[in-house]
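One file, coords.tsv, carrying TSV, C-alpha atoms:
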chain	number	residue	atom	x	y	z
A	1	MET	CA	-5.10	0.05	24.72
A	2	ASN	CA	-2.93	2.95	25.78
A	3	ILE	CA	0.37	3.20	23.97
A	4	GLY	CA	2.96	5.05	26.00
A	5	GLN	CA	6.60	6.02	25.65
A	6	ASP	CA	7.84	2.56	26.70
A	7	ASP	CA	5.60	0.75	24.22
A	8	PRO	CA	7.43	-0.06	20.96
A	9	ARG	CA	4.24	0.37	18.95
A	10	LEU	CA	3.06	3.58	17.36
A	11	GLN	CA	-0.48	4.78	17.55
A	12	ILE	CA	-0.65	6.23	14.00
A	13	LEU	CA	1.76	6.02	11.06
A	14	ILE	CA	1.22	8.22	8.00
A	15	LEU	CA	2.93	7.06	4.79
A	16	GLY	CA	3.55	9.29	1.78
A	17	LEU	CA	4.02	7.09	-1.30
A	18	GLY	CA	4.92	7.91	-4.87
A	19	ASN	CA	7.61	9.25	-7.15
A	20	LEU	CA	8.31	12.99	-6.87
A	21	LEU	CA	9.83	13.05	-10.36
A	22	MET	CA	6.65	11.81	-12.07
A	23	THR	CA	4.27	14.79	-11.70
A	24	ASP	CA	1.05	13.53	-10.06
A	25	ASP	CA	2.58	10.24	-8.91
A	26	GLY	CA	4.24	12.27	-6.15
A	27	ILE	CA	0.90	13.28	-4.58
A	28	GLY	CA	1.46	11.12	-1.50
A	29	ILE	CA	4.70	12.90	-0.73
A	30	PHE	CA	3.29	16.35	-1.49
A	31	VAL	CA	0.41	15.75	0.95
A	32	LEU	CA	2.80	14.35	3.54
A	33	GLU	CA	4.93	17.50	3.28
A	34	GLU	CA	1.83	19.61	3.96
A	35	LEU	CA	0.94	17.42	6.96
A	36	GLN	CA	4.50	17.82	8.29
A	37	LYS	CA	3.89	21.57	8.57
A	38	LEU	CA	1.28	20.87	11.25
A	39	GLU	CA	1.98	19.99	14.85
A	40	TRP	CA	1.38	16.36	15.85
A	41	PRO	CA	1.63	14.52	19.17
A	42	PRO	CA	4.47	11.98	19.58
A	43	GLU	CA	2.19	9.00	18.90
A	44	VAL	CA	1.81	10.17	15.28
A	45	GLN	CA	4.71	9.52	12.91
A	46	LEU	CA	4.94	10.73	9.31
A	47	LEU	CA	7.20	8.91	6.86
A	48	GLU	CA	8.10	9.63	3.26
A	49	VAL	CA	8.43	6.15	1.78
A	50	GLY	CA	8.43	7.09	-1.90
A	51	THR	CA	8.44	3.90	-3.94
A	52	SER	CA	10.20	1.73	-1.33
A	53	VAL	CA	7.45	0.73	1.08
A	54	PHE	CA	9.20	-2.58	1.88
A	55	TYR	CA	11.99	-0.71	3.68
A	56	TYR	CA	9.42	0.44	6.24
A	57	LEU	CA	8.08	-3.00	7.18
A	58	GLU	CA	9.34	-2.56	10.76
A	59	GLU	CA	7.51	0.73	11.28
A	60	ILE	CA	4.34	-0.60	9.66
A	61	SER	CA	4.39	-3.81	11.71
A	62	ARG	CA	4.48	-1.88	14.98
A	63	SER	CA	1.78	0.68	14.16
A	64	ARG	CA	-1.83	0.32	15.30
A	65	HIS	CA	-3.20	2.54	12.55
A	66	VAL	CA	-1.63	3.18	9.15
A	67	ILE	CA	-2.77	5.89	6.78
A	68	ALA	CA	-1.21	5.80	3.30
A	69	ILE	CA	-1.44	8.43	0.56
A	70	ASP	CA	-0.75	7.56	-3.08
A	71	ALA	CA	-1.81	8.08	-6.67
A	72	ILE	CA	-4.26	5.39	-7.79
A	73	ARG	CA	-5.56	4.86	-11.31
A	74	ALA	CA	-9.15	3.69	-11.07
A	75	GLY	CA	-10.63	5.41	-14.11
A	76	ASP	CA	-12.38	8.39	-12.55
A	77	SER	CA	-11.65	12.03	-13.33
A	78	PRO	CA	-8.25	13.50	-12.31
A	79	GLY	CA	-8.24	14.64	-8.69
A	80	SER	CA	-10.89	12.13	-7.60
A	81	VAL	CA	-10.16	10.90	-4.09
A	82	TYR	CA	-10.57	7.23	-3.19
A	83	CYS	CA	-10.61	5.75	0.28
A	84	LEU	CA	-9.69	2.08	0.74
A	85	GLY	CA	-9.55	0.03	3.91
A	86	ILE	CA	-7.54	-2.91	5.19
A	87	ASP	CA	-9.98	-5.47	3.74
A	88	ASP	CA	-9.54	-3.97	0.27
A	89	VAL	CA	-5.78	-4.44	0.59
A	90	LEU	CA	-5.76	-7.88	2.17
A	91	ASP	CA	-8.13	-9.15	-0.53
A	92	HIS	CA	-5.99	-7.56	-3.29
A	93	LYS	CA	-4.26	-10.09	-5.50
A	94	GLU	CA	-0.57	-9.23	-5.40
A	95	GLN	CA	0.99	-8.37	-8.75
A	96	ASP	CA	4.49	-7.93	-7.37
A	97	LEU	CA	6.22	-11.32	-7.37
A	98	HIS	CA	8.30	-10.33	-4.35
A	99	ASP	CA	5.30	-9.10	-2.31
A	100	MET	CA	6.96	-5.68	-1.81
A	101	SER	CA	4.07	-3.37	-2.68
A	102	LEU	CA	1.86	-1.85	0.02
A	103	PRO	CA	-0.64	-4.76	0.06
A	104	GLY	CA	2.20	-7.29	0.37
A	105	VAL	CA	3.96	-5.35	3.12
A	106	ILE	CA	0.70	-4.98	5.07
A	107	ARG	CA	0.13	-8.75	4.81
A	108	GLN	CA	3.70	-9.40	6.00
A	109	ALA	CA	3.35	-6.96	8.90
A	110	LYS	CA	0.09	-8.60	10.03
A	111	ASN	CA	1.77	-12.02	9.86
A	112	ILE	CA	4.66	-10.80	12.01
A	113	THR	CA	2.89	-8.76	14.71
A	114	GLY	CA	-0.83	-8.73	13.98
A	115	LEU	CA	-0.56	-5.00	13.23
A	116	PRO	CA	-1.71	-2.70	11.81
A	117	GLU	CA	-5.21	-2.98	13.23
A	118	THR	CA	-6.51	-0.50	10.68
A	119	LEU	CA	-5.32	0.76	7.33
A	120	THR	CA	-6.73	3.65	5.35
A	121	ILE	CA	-5.41	4.37	1.89
A	122	TYR	CA	-6.24	7.73	0.39
A	123	GLY	CA	-5.72	7.47	-3.33
A	124	VAL	CA	-5.96	10.25	-5.86
A	125	GLU	CA	-6.65	9.78	-9.57
A	126	PRO	CA	-3.65	11.28	-11.40
A	127	ALA	CA	-3.96	13.49	-14.46
A	128	ASP	CA	-0.32	13.27	-15.55
A	129	ILE	CA	2.46	10.86	-14.59
A	130	ASP	CA	5.08	12.04	-17.04
A	131	LEU	CA	8.38	13.53	-15.92
A	132	GLY	CA	7.81	16.63	-13.83
A	133	VAL	CA	8.12	17.82	-10.25
A	134	THR	CA	4.89	19.78	-9.75
A	135	PRO	CA	1.48	18.13	-9.43
A	136	THR	CA	-1.25	19.28	-11.79
A	137	SER	CA	-3.81	21.79	-10.49
A	138	ALA	CA	-6.42	19.02	-10.10
A	139	LEU	CA	-4.10	17.13	-7.78
A	140	GLN	CA	-3.04	20.23	-5.89
A	141	GLN	CA	-6.73	20.83	-5.10
A	142	ALA	CA	-7.19	17.17	-4.13
A	143	GLY	CA	-4.11	17.47	-1.91
A	144	LYS	CA	-5.76	20.28	0.07
A	145	ARG	CA	-8.87	18.13	0.58
A	146	LEU	CA	-6.68	15.20	1.67
A	147	VAL	CA	-4.90	17.27	4.32
A	148	ALA	CA	-8.29	18.09	5.85
A	149	LEU	CA	-9.55	14.48	5.58
A	150	ILE	CA	-6.40	13.00	7.10
A	151	THR	CA	-6.26	15.59	9.89
A	152	ALA	CA	-9.85	14.71	10.80
A	153	GLU	CA	-9.08	10.98	10.71
A	154	ILE	CA	-6.04	11.40	12.96
A	155	GLN	CA	-8.11	13.37	15.47
A	156	ARG	CA	-10.79	10.65	15.37
A	157	LEU	CA	-8.23	7.86	15.91
A	158	LEU	CA	-6.59	9.69	18.82
A	159	GLY	CA	-10.04	10.14	20.35
Take the structure in the file and write it out as structure tokens.
Amino acid sequence: MNIGQDDPRLQILILGLGNLLMTDDGIGIFVLEELQKLEWPPEVQLLEVGTSVFYYLEEISRSRHVIAIDAIRAGDSPGSVYCLGIDDVLDHKEQDLHDMSLPGVIRQAKNITGLPETLTIYGVEPADIDLGVTPTSALQQAGKRLVALITAEIQRLLG
């Protein structure tokens, strides 16, 4: 499928999630800011969604491929990078009663339009989520790795 200027769908949507005021919880936004420094073709859109992913349901529901970046506590060492796919999210039991977290919004988008076709979530194990505006050194290093991983994935998806 070739998505052109007249097609309302996006090829790739990159979402930076998290809270910039909570140290490592802002990793998704910090990585997104680094990605924004690079040059991307028009079929790639980068959005800072923070903690309000529901507000971007429209963009998500018209994107073929969604890549999300966020802090994820899974018990590994700080700075560990996790990669989850759409099946991980669709099988996730929603804890938000209003279905407004990323898994809920992805389910809603798929119900509305059938999109996204693919979802990749890059999660990073946080070291500190107390008040603060600078990620810890472990997450800064993980952020550099994520920029390279995401850049490679975008190039692969664009073919």
Against region 39-60 of chain A, which residues of region 112-139 of chain A fall within 12 Å? For each one I want the closest pair of atoms and the distance in Å (one decimal), counting all atoms listed in the file, rows by chain and increasing residue number, as CSV.
residue,atom,partner,partner_atom,distance
A:Ile112,CA,A:Glu58,CA,9.6
A:Thr113,CA,A:Ile60,CA,9.7
A:Gly114,CA,A:Ile60,CA,10.6
A:Leu115,CA,A:Ile60,CA,7.5
A:Pro116,CA,A:Ile60,CA,6.8
A:Glu117,CA,A:Ile60,CA,10.5
A:Thr118,CA,A:Ile60,CA,10.9
A:Leu119,CA,A:Ile60,CA,10.0
Discussion item. Would you compute the distance between CA of Asn111 (chain A) and CA of Cys83 (chain A)? Give it in Å to one decimal.
Written reply: 23.7 Å
Item to complete: Please provide as a PyMOL selection string all residues within 12 Å of region 72-76 of chain A, with the sequence filter that same-chain residues fewer than 5 positions apart are discarded (counting all atoms listed in the file).
Response: chain A and resi 17-18+24-28+81-84+121-129+139
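Of note, CA of Ile154 (chain A) and CA of Ile12 (chain A) are spaced 7.5 Å apart.
Between CA of Gly143 (chain A) and CA of Val31 (chain A) lies a distance of 5.6 Å.
Here the residues that fall within 7 Å of (-8.4, 17.9, -13.8), using all atoms listed in the file, are given as Ser77, Pro78, Gly79, Ala127, Ser137 and Ala138 of chain A.
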Discussion item. I need the residue nearest Phe30 (chain A) from this list: A:Gln108, A:Lys144, A:Leu158, A:Ile150. Use only C-alpha atoms for the distance.
Written reply: A:Lys144
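Among the candidates A:Leu32, A:Leu20, A:Val133, A:Leu15, the residue lying nearest to Ala148 (chain A) is A:Leu32 (atoms considered: all atoms listed in the file).
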